[in-house]
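One structure is given below, encoded as structure tokens.
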Amino acid sequence: MIDVGNINQAGSDNKNRPSLVGLKKGNQKPVSWEKVFGFLLISPLLLILILTIGFPVISAVFSGFQDQRIIGSPSAFVGFDTYLKVIEDSSFWDALGRSGLWVAVNLVVQTVLAFSVAFSLQQNGRWSKSARTWVVLPWVIPTVAVAIIWQWLLNSNYGVLHYLFGEIGVDLGSPFGDPATALFSVIIVNSWHWFPLGAVVIYGALSTVPTEVIEAAKVDGATPGRIFWSITFPILQPVLFALGLVGSLWSFNVLDSIYLITEGGPLEASTTAPVYVYDLAFSEFRSSQAAAASVLTVLVLSVAALLFVRFGRPKEDA
Amino acid sequence: MRTKTFKLAALVTSAALLLGGCAAPAADPAATDPATDSAAKGEIVIWHMEGVPNRVAAFDALAAEYNATNPDFTVRFETQQWDEIYPKIAGTAQAGNQPDILFAIPDFATYVRSLGLGQPVTDVVEGIDASQGLLDASKVAYQDGGEYWAVPLYGMVQLLWYNKVMFETAGLEAPKTYSELLATAKALTKDGVSGIALPAGKNLATDQVLYSLMITGGAANFFDESEGIALDSPETVKAFSLYNDLLEYSPKDSANYAWGEPQAALNSGAAAMAIEKGQYLTPWAAESGLDPSQLGCAPIPVADNGGQSGSIYYSNGAMVLAEDDDRRAGAGAFLTWLMQPDNYGDFLNAEPGLFLPVTTGGADLEQWRQNEVLSQYPECVDLLLKQSETGALFGFVDGQYVEKIGLISGQNIFAQAIQQMYVNGMPPAEASIWAQEQMKAAIE
């Protein structure tokens with residue numbers, strides 16, 4: 001930062017300094033043309049962001065103070081009544097709980113799958129080389145197709161998986177139709193759909209681990225486990241942190257997979273927070289309640305994200 | 001001097017970018033707004049929810065045929081999904097860029113009207129009625145306040161479909177009553193085959209099958225005169241109870257079934273019976289590997305005491321959402337053209353068996369009766385037409401027009417009641433009261 005004293009004393013050195021368009025009174029901080037120009041250049045984008053993010057958020061908060069049923073229908077201001085109605089609805093908290101479970105199990109399953117695949121891809125065999133291409137297939141398949149594929153694979157009448165498990169004496173029952181298994185079954189489908197993203201990112205990060213350090217550790221007699229925890233994992237930590245944060249927020253908001261496979265059922269067994277909000281808005285036509293629920297969900301999600309950042313961020317010396 | 005020029009250029013560039021950023025959104029809606037877009041081209045945009053490829057192709061072919069007649073407004077069909085249409089049409093209502101014509105069913109039409117959309121089409125309906133004769137059942141569900149709010153296009157009705165080979169092997173006849181249906185389902189459930197395949201997912205498919213059984217059980221009308229809900233009648237409980245009992249003989253993953261799974265189960269030989277609409281005709285022979293004569297069809301079984309013949313009946317219609325007089329006239333002209341005998345048969349053939357005629361002469365249209373699919377199942381086609389005569393739809397029974405029915409049907413409360421019994425083990429009497437309370441809450 002350039003201070004006023006330097007400007008006054010600079011003399012001929014000022015030729016090499018940025019041109020100044022003015023000085024702020026009070027704090028005496030100068031504003032450069034480049035800075036103004038920079039702000040002007042990004043101002044259309046900022047304006048669009050404010051309109052596309054700020055307006056819906058404010059609109060949702062405001063809608064939560066009303067009692068609107070169908071979107072666009074007349075409504076009245078009811079203070080905090082709508083928010084209280086959502087807070088008092090046990091289904092809302094149940095849905096939030098399921099969302100927590102959904103995020104946690106998805107994170108674990110996808111991380112295990114992604115690491116396993118990433119390590120496999122690091123090998124130099126023919127299988128590994130070809131796998132680098134086709135392992136991303138689940139990721140590129142549209143969610144609608146994924147939902148249909150898994151519904152048919154697990155159908156009790158003609159599902160291939162159902163048949164194969166039956167042949168070895170395992171009755172899969174009704175994975176999507178049984179309240180005890182519906183949520184976990186959809187988690188498996190969702191994890192299968194998204195794990196290649198994590199695998200590709202981790203595979204990329206693994207390639208940044210210096211081989212000479214690994215070799216040195218091997219020479220010193222370090223076991224593969226010790227090498228992973230003491231060398232590989234610390235180097236991967238920043239990437240894993242970012243992946244975990246973004247992936248968790250992403251995962252939390254998944255609606256399509258769940259809705260396409262179970263519609264949140266049977267009963268509410270797989271109704272997560274996004275499904276709850278969607279049902280409120282478009283099945284029960286309670287748009288203000290849906291807005292209030294989404295605002296409350298965002299608050300809970302923000303707290304969770306802050307905690308993740310606070311306690312999950314890798315240490316600087318890691 | 002150069003610095004000044006640079007500053008000026010920078011300022012102008014920034015201002016242009018800023019103004020461009022502000023101006024772009026204002027220009028965009030015109031580019032994506034179907035109404036504005038079609039106005040410029042003299043085109044009527046029609047939204048329908050019949051996304052099956054053969055239906056889309058048939059509709060597009062009809063549009064091309066109509067456009068070749070050089071009408072004032074050409075037409076273009078756009079396919080939407082039932083799952084998405086509720087929020088989507090609400091969005092268009094807010095933005096004012098609704099399509100000119102929207103395909104609808106009666107309960108959905110009440111929802112669309114509650115959004116402030118929809119124009120009376122009484123003149124079009126009366127014109128078609130005078131020339132082609134419209135079935136009363138198809139019209140009444142769209143009549144409110146002395147006006148018609150949609151032009152009836154085609155009907156849909158359910159039957160009991162069954163695999164004749166399985167029935168003959170077991171020495172069974174098509175069931176006619178509740179108790180016969182249950183006994184037949186039980187008798188046919190063996191060797192990995194389910195006696196019947198029923199949907200029990202939280203969806204409209206489940207709602208529809210249950211309501212068919214409610215009709216034949218004498219519980220078609222569950223609204224009292226003041227539109228209060230009374231679902232706890234003995235007739236309703238009997239229908240709930242039957243459905244729950246039948247699910248014992250349905251595949252174990254029925255709680256996740258909608259329309260496709262029961263049909264696939266019947267066609268693959270995994271189930272002996274299913275209750276559904278006429279879309280079962282087209283794929284039967286190819287998917288089952290059996291002769292068309294081996295697909296059995298029968299009226300929905302009726303309650304042992306006090307039952308009556310019937311089925312859920314959907315009169316599918318076209319709402320005119322265009323607000324401009326010229327566009328409304330253009331929409332009316334197309335719908336009138338569509339219902340003319342020369343074109344109507346082709347329209348019904350978009351899905352043979354599922355789309356049933358709503359005109360008095362429609363049943364005898366040669367191009368429809370001679371359709372390559374329908375001509376193989378003449379008895380079932382006649383039965384579908386016969387069932388149409390006694391069909392009903394909740395909220396529109398005996399001339400009713402329950403404005404808030406859309407709030408109830410959108411939540412699939414019947415289906416949720418089925419799940420309460422099937423998944424949670426709730427007794428039928430409690431499930432009917434639970435559904436009643438849910439419906440009351442829905443229209444509060």
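For the structure tokens, the naming scheme is as follows: chains receive sequential letters (A, B, ...) according to their order of presentation, residues are indexed from 1 within each chain, and ligands are indexed from 1 in presentation order.
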Could you give me, as a ChimeraX atom specification, the residues within 8 Å of Ser294 in chain A, counting only C-alpha atoms and dropping anything in the same chain fewer than 5 positions from it? /A:60,274,277
Check: which chain A residues lie within 8 Å of chain B using only C-alpha atoms, as a ChimeraX atom specification: /A:37,40-41,43-45,47-48,70-73,155-157,173-179,261-263,265-267,282-285
Please give the complete set of residues from range 48-144 of chain A that DSSP, run on the backbone, assigns to helix (DSSP H, G or I), formatted as a ChimeraX atom specification. /A:48-63,81-87,90-122,126-134,137-140,143-144
Please dump the current selection as a compact mmCIF listing (two decimals), in the first residue's frame; keep C-alpha atoms.
# COMPACT_ATOMS: atom_id res chain seq x y z
CA ILE A 48 -25.38 -9.95 -11.92
CA LEU A 49 -24.21 -11.88 -8.86
CA ILE A 50 -26.12 -9.55 -6.55
CA LEU A 51 -29.23 -9.92 -8.68
CA THR A 52 -29.00 -13.69 -9.06
CA ILE A 53 -27.89 -14.55 -5.53
CA GLY A 54 -28.89 -11.61 -3.37
CA PHE A 55 -32.38 -11.17 -4.74
CA PRO A 56 -33.51 -14.81 -4.34
CA VAL A 57 -32.06 -14.95 -0.82
CA ILE A 58 -33.80 -11.75 0.26
CA SER A 59 -36.96 -12.89 -1.49
CA ALA A 60 -36.87 -16.25 0.35
CA VAL A 61 -36.32 -14.57 3.73
CA PHE A 62 -39.17 -12.16 3.07
CA SER A 63 -41.46 -14.91 1.77
CA ASP A 81 -45.52 -17.54 12.37
CA THR A 82 -44.35 -19.39 9.28
CA TYR A 83 -40.82 -19.82 10.63
CA LEU A 84 -42.26 -21.08 13.93
CA LYS A 85 -44.50 -23.51 12.05
CA VAL A 86 -41.45 -25.00 10.36
CA ILE A 87 -39.44 -25.09 13.59
CA SER A 90 -40.83 -32.58 13.61
CA SER A 91 -40.61 -33.64 9.94
CA PHE A 92 -38.29 -30.67 9.30
CA TRP A 93 -35.84 -31.76 11.99
CA ASP A 94 -36.12 -35.39 10.91
CA ALA A 95 -35.29 -34.30 7.37
CA LEU A 96 -32.30 -32.28 8.58
CA GLY A 97 -31.10 -35.30 10.56
CA ARG A 98 -31.39 -37.48 7.47
CA SER A 99 -29.46 -34.86 5.52
CA GLY A 100 -26.68 -35.04 8.11
CA LEU A 101 -26.61 -38.81 7.77
CA TRP A 102 -26.78 -38.49 3.98
CA VAL A 103 -23.77 -36.15 3.87
CA ALA A 104 -21.69 -38.14 6.36
CA VAL A 105 -22.24 -41.57 4.78
CA ASN A 106 -21.84 -40.20 1.26
CA LEU A 107 -18.58 -38.57 2.32
CA VAL A 108 -17.23 -41.78 3.84
CA VAL A 109 -18.32 -44.07 1.00
CA GLN A 110 -17.15 -41.71 -1.74
CA THR A 111 -13.82 -41.04 -0.03
CA VAL A 112 -13.08 -44.74 0.38
CA LEU A 113 -14.08 -45.46 -3.23
CA ALA A 114 -12.21 -42.44 -4.58
CA PHE A 115 -8.98 -43.27 -2.71
CA SER A 116 -9.13 -46.91 -3.74
CA VAL A 117 -9.62 -46.04 -7.37
CA ALA A 118 -7.04 -43.22 -7.33
CA PHE A 119 -4.37 -45.56 -5.94
CA SER A 120 -5.31 -48.20 -8.50
CA LEU A 121 -5.03 -45.67 -11.31
CA GLN A 122 -1.50 -44.82 -10.18
CA ARG A 126 -2.62 -51.97 -18.82
CA TRP A 127 -5.78 -52.16 -16.69
CA SER A 128 -4.90 -48.98 -14.83
CA LYS A 129 -4.16 -47.09 -18.02
CA SER A 130 -7.46 -48.04 -19.63
CA ALA A 131 -9.31 -47.47 -16.36
CA ARG A 132 -8.25 -43.83 -16.39
CA THR A 133 -10.75 -43.40 -19.20
CA TRP A 134 -13.71 -45.56 -18.30
CA LEU A 137 -18.31 -43.24 -16.78
CA PRO A 138 -20.64 -43.24 -13.74
CA TRP A 139 -19.92 -39.54 -13.37
CA VAL A 140 -20.84 -38.64 -16.95
CA THR A 143 -28.69 -38.58 -13.08
CA VAL A 144 -32.00 -39.60 -14.63
Which residues, written as a list in words, have at least one atom at most 7 Å from Pro352 in chain B, with only C-alpha atoms counted and residues fewer than 2 positions away on the same chain left out? Thr282, Leu348, Asn349, Ala350, Leu354, Phe355, Val373 and Leu374 of chain B
Which residues come within 10 Å of range 220-224 of chain B, counting only C-alpha atoms, excluding same-chain residues fewer than 4 positions away, as number ranges by chain? B: 211-216, 228-233, 235-236, 308, 310-312, 391-398, 400, 402, 436
Serialized selection, C-alpha atoms, as a JSON list (two decimals), in the first residue's frame:
[["chain", "number", "residue", "atom", "x", "y", "z"],
["B", 211, "TYR", "CA", -59.48, -44.68, -6.49],
["B", 212, "SER", "CA", -60.69, -47.18, -9.11],
["B", 213, "LEU", "CA", -61.29, -49.68, -6.32],
["B", 214, "MET", "CA", -63.01, -46.98, -4.27],
["B", 215, "ILE", "CA", -65.36, -46.29, -7.19],
["B", 216, "THR", "CA", -66.28, -49.95, -7.60],
["B", 228, "GLY", "CA", -66.07, -31.27, 3.50],
["B", 229, "ILE", "CA", -64.05, -34.50, 3.35],
["B", 230, "ALA", "CA", -65.47, -37.76, 4.62],
["B", 231, "LEU", "CA", -63.05, -40.59, 3.95],
["B", 232, "ASP", "CA", -63.95, -42.74, 6.92],
["B", 233, "SER", "CA", -66.97, -44.40, 5.35],
["B", 235, "GLU", "CA", -66.96, -48.31, 1.69],
["B", 236, "THR", "CA", -63.66, -46.40, 1.72],
["B", 308, "GLN", "CA", -70.90, -50.65, -8.84],
["B", 310, "GLY", "CA", -66.59, -48.14, -12.86],
["B", 311, "SER", "CA", -63.03, -46.93, -12.94],
["B", 312, "ILE", "CA", -61.10, -43.75, -12.54],
["B", 391, "GLY", "CA", -65.80, -43.56, -15.05],
["B", 392, "ALA", "CA", -65.35, -40.88, -12.41],
["B", 393, "LEU", "CA", -62.68, -38.67, -10.94],
["B", 394, "PHE", "CA", -62.39, -37.48, -7.37],
["B", 395, "GLY", "CA", -63.57, -33.92, -6.97],
["B", 396, "PHE", "CA", -65.71, -34.13, -10.09],
["B", 397, "VAL", "CA", -68.24, -36.84, -9.27],
["B", 398, "ASP", "CA", -71.84, -36.25, -10.33],
["B", 400, "GLN", "CA", -69.04, -31.62, -8.62],
["B", 402, "VAL", "CA", -64.12, -28.99, -6.08],
["B", 436, "GLN", "CA", -58.89, -37.59, 5.73]]
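Across the model, the gap from CA of Ser138 in chain B to CA of Ser315 in chain B is 5.0 Å.
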Need to verify the contact set: Gly204 in chain A, 10 Å, only C-alpha atoms, exclusion of same-chain residues closer than 4 positions in sequence. Can you return it as a list in words? Ala118, Gln122, Gly198, Ala199, Val200, Thr208, Val209, Leu236 and Val239 of chain A
Selection above as a file: C-alpha atoms, as a tab-separated table (two decimals), in the first residue's frame:
chain	number	residue	atom	x	y	z
A	118	ALA	CA	-7.04	-43.22	-7.33
A	122	GLN	CA	-1.50	-44.82	-10.18
A	198	GLY	CA	-13.18	-37.43	-6.10
A	199	ALA	CA	-11.06	-40.18	-7.67
A	200	VAL	CA	-9.90	-37.91	-10.49
A	208	THR	CA	2.12	-34.04	-7.04
A	209	VAL	CA	3.63	-36.13	-4.25
A	236	LEU	CA	-3.09	-34.22	-0.02
A	239	VAL	CA	-7.00	-30.83	-1.69
Hey, what's within 8 Å of range 320-337 of chain B if we count only C-alpha atoms and toss same-chain stuff fewer than 4 positions away? As a PyMOL selection string, please? chain B and resi 44+66+72-73+75+98-102+117-121+124+127-128+149-151+343
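Picture a line from CA of Ile413 in chain B to CA of Thr390 in chain B; it runs 23.9 Å.
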Which residues are near Val189 in chain A? Cut-off 9 Å, only C-alpha atoms, ignore same chain within fewer than 5 positions. Put them as a PyMOL selection string. chain A and resi 146-147+150+184+194+257
